[in-house]
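For reference, the structure discussed in these notes is given below.
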Amino acid sequence: MSEATLAELCIAACAEAFRGNGEIVATGVGPVPRLAAGLAKLTHTPELMMTDGEAYLVEQPVALGSRAYDARKAAGYLPFSRFFDAAVWSGRRHAMVTPTQIDRFGQINLSYMGGSHAQPKTQMLGVRGFPGNTIYHPNSFFFPAHSARVFVPGEVDMVSGVGYNPARRVPGGNYSAVDLRRIVTNLCVMDFAGPDNAVRVISLHPGVTFAEVQEATGFELIDAVAGETPLPDAAALAVIAGLDPHNIRASVIKDNPPARKAP
């Protein structure tokens, strides 16, 4: 068996975020999260629901790249106008996304960097659907380049998605559905299960040390490492290859390195 790439390791690690989620819509935004959702459905969590990204629920994940829509196995009609009622507002969705910044509270930013709201240094997409997504249903995150520019000290430049910052909570507000689950990066896997929802490291990718992760993070992490992130087996790699016939995953992480970091 050929050695797994780091992207394939991340896909398998991201798929674990969907394990045991039940009959909810698994939404992966970007190649790695999307392949991860498909891998989860085709292996350990078949009850997951998936969409074709346009107007239908599908029985099988749709492969990346060129798609033969006549080969889709539609399971139901779910246009964008109905998606909010059926999945988002009801909490029956778990999204995995890649924002530009995240802080120690799990607050995310996809709007701008530097400067001010009136005159940002770098303008990005805006908050998009993050405000609603982060108060209605579970969310996880994938970052292909773990650095202190992504995992920022203090707060993100603009809070685009709700986290666990008590200073941002409005008295009397209902935050019961804020549910941040996993963070997968090119270095490790983390969650929010530390004291007061602190970010903690739960596994290190092969060859990576906790010190390396901490050095690449702008805030203090909790070292709760349970071991090494498992490599995907041959069966998982075959599923990933089938979902990504054009090998788009090879372009996600710079230089497409192997899963095991060289000493």
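Ordering of the structure tokens sets the chain letters (A, B, ...); residue numbers start at 1 within each chain; ligands are numbered from 1 in the order shown.
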Practice item. Would you return as a ChimeraX atom specification the members of region 49-235 of chain A that DSSP assigns to strand (DSSP E) on this structure's backbone? Key: /A:50-51,56-58,74-77,93-97,101-102,108-109,112-115,120-123,139-143,180-185,188-191,200-204,222-223
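Near region 224-236 of chain A, within 7 Å and counting only C-alpha atoms, sit Met1, Leu9, Ala12, Arg200, Val201, Ile202, Ser203, Leu204, His205, Pro206 and Ile240 of chain A; same-chain residues fewer than 4 positions away were not included.
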Point to revise | Shortest interatomic distance to Arg149 (chain A) - which of A:Gly132, A:Gly172, A:Gly218, A:Pro258, counting only C-alpha atoms | key: A:Gly218
Point to revise | All residues 12 Å or closer to Ser251 (chain A), only C-alpha atoms, same chain fewer than 3 positions away omitted, as an MDAnalysis selection string | key: chainID A and resid 5:8 30:32 144 244 246:248 254:257
Per-residue nearest contacts of region 89-159 of chain A to region 163-171 of chain A (8 Å; only C-alpha atoms) as a tab-separated table:
```
residue	atom	partner	partner_atom	distance
A:Phe105	CA	A:Tyr164	CA	4.9
A:Gly106	CA	A:Gly163	CA	4.6
A:Gln107	CA	A:Gly163	CA	4.4
A:Ile108	CA	A:Gly163	CA	7.6
A:Thr134	CA	A:Gly163	CA	7.5
```
I need the chosen residues saved as a JSON list (two decimals), in the first residue's frame, with N, CA and C atoms.
```json
[["chain", "number", "residue", "atom", "x", "y", "z"],
["A", 105, "PHE", "N", -11.33, 31.26, 21.96],
["A", 105, "PHE", "CA", -12.74, 31.07, 22.31],
["A", 105, "PHE", "C", -13.51, 30.32, 21.22],
["A", 106, "GLY", "N", -12.84, 30.02, 20.09],
["A", 106, "GLY", "CA", -13.53, 29.40, 18.97],
["A", 106, "GLY", "C", -14.26, 30.39, 18.10],
["A", 107, "GLN", "N", -14.10, 31.70, 18.35],
["A", 107, "GLN", "CA", -14.67, 32.72, 17.47],
["A", 107, "GLN", "C", -13.91, 32.70, 16.15],
["A", 108, "ILE", "N", -14.63, 32.82, 15.04],
["A", 108, "ILE", "CA", -14.00, 32.71, 13.73],
["A", 108, "ILE", "C", -14.21, 33.99, 12.92],
["A", 134, "THR", "N", -23.35, 29.20, 13.54],
["A", 134, "THR", "CA", -22.69, 28.92, 14.82],
["A", 134, "THR", "C", -23.61, 29.02, 16.02]]
```
**Study point:** Two-atom distance - CA of Val25 (chain A), CA of Leu187 (chain A) (Å)
**Key:** 27.3 Å
Review point. What residues in region 56-248 of chain A get the DSSP label helix (DSSP H, G or I)? Please answer as a PyMOL selection string.
Key: chain A and resi 69-71+80-88+130-136+166-168+195-197+210-215+234-243+248
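The shortest atom-to-atom distance to Tyr136 (chain A), with only C-alpha atoms taken into account, belongs to A:Val88 out of A:Ala118, A:Val88, A:Val159, A:Ala37.
Shortest atom-to-atom contact with Ala193 (chain A) among A:Arg181, A:Gln214, A:Ala17, A:Pro79: A:Arg181, counting only C-alpha atoms.
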Exercise for review: May I have the residues within 7 Å of region 173-180 of chain A as a VMD selection string, using only C-alpha atoms and disregarding those fewer than 5 positions away in the same chain?
Suggested key: chain A and resid 134 to 140 192
Revision key, fill the gap. If you count only C-alpha atoms, the residue of A:Val184, A:Val189, A:Leu221, A:Ile253 closest to Met96 (chain A) turns out to be A:Val184
Residues within 7 Å of Leu243 (chain A), only C-alpha atoms, excluding chain neighbours under 5 positions, as a tab-separated table (two decimals) with C-alpha atoms, in the first residue's frame:
```tsv
chain	number	residue	atom	x	y	z
A	35	LEU	CA	-14.22	14.35	1.17
A	63	ALA	CA	-17.41	13.01	-6.35
A	64	LEU	CA	-15.24	16.14	-6.68
```
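Closest approach to Val62 (chain A) among A:Arg93, A:Ala4, A:Pro245, A:Asp223 is made by A:Pro245 (distances from only C-alpha atoms).
When CA of Glu23 (chain A) is paired with CA of Val127 (chain A), their separation reads 27.6 Å.
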Review point. What lies within 6 Å of region 45-53 of chain A using only C-alpha atoms, ignoring chain neighbours under 6 positions off, as a PyMOL selection string?
Key: chain A and resi 19-20+22-26
Exercise for review: Excluding Gly114 (chain A) and residues on its chain fewer than 3 positions from it, collect all residues at most 10 Å away from it, counting only C-alpha atoms, and give them as number ranges by chain.
Suggested key: A: 117, 119-123, 156-158
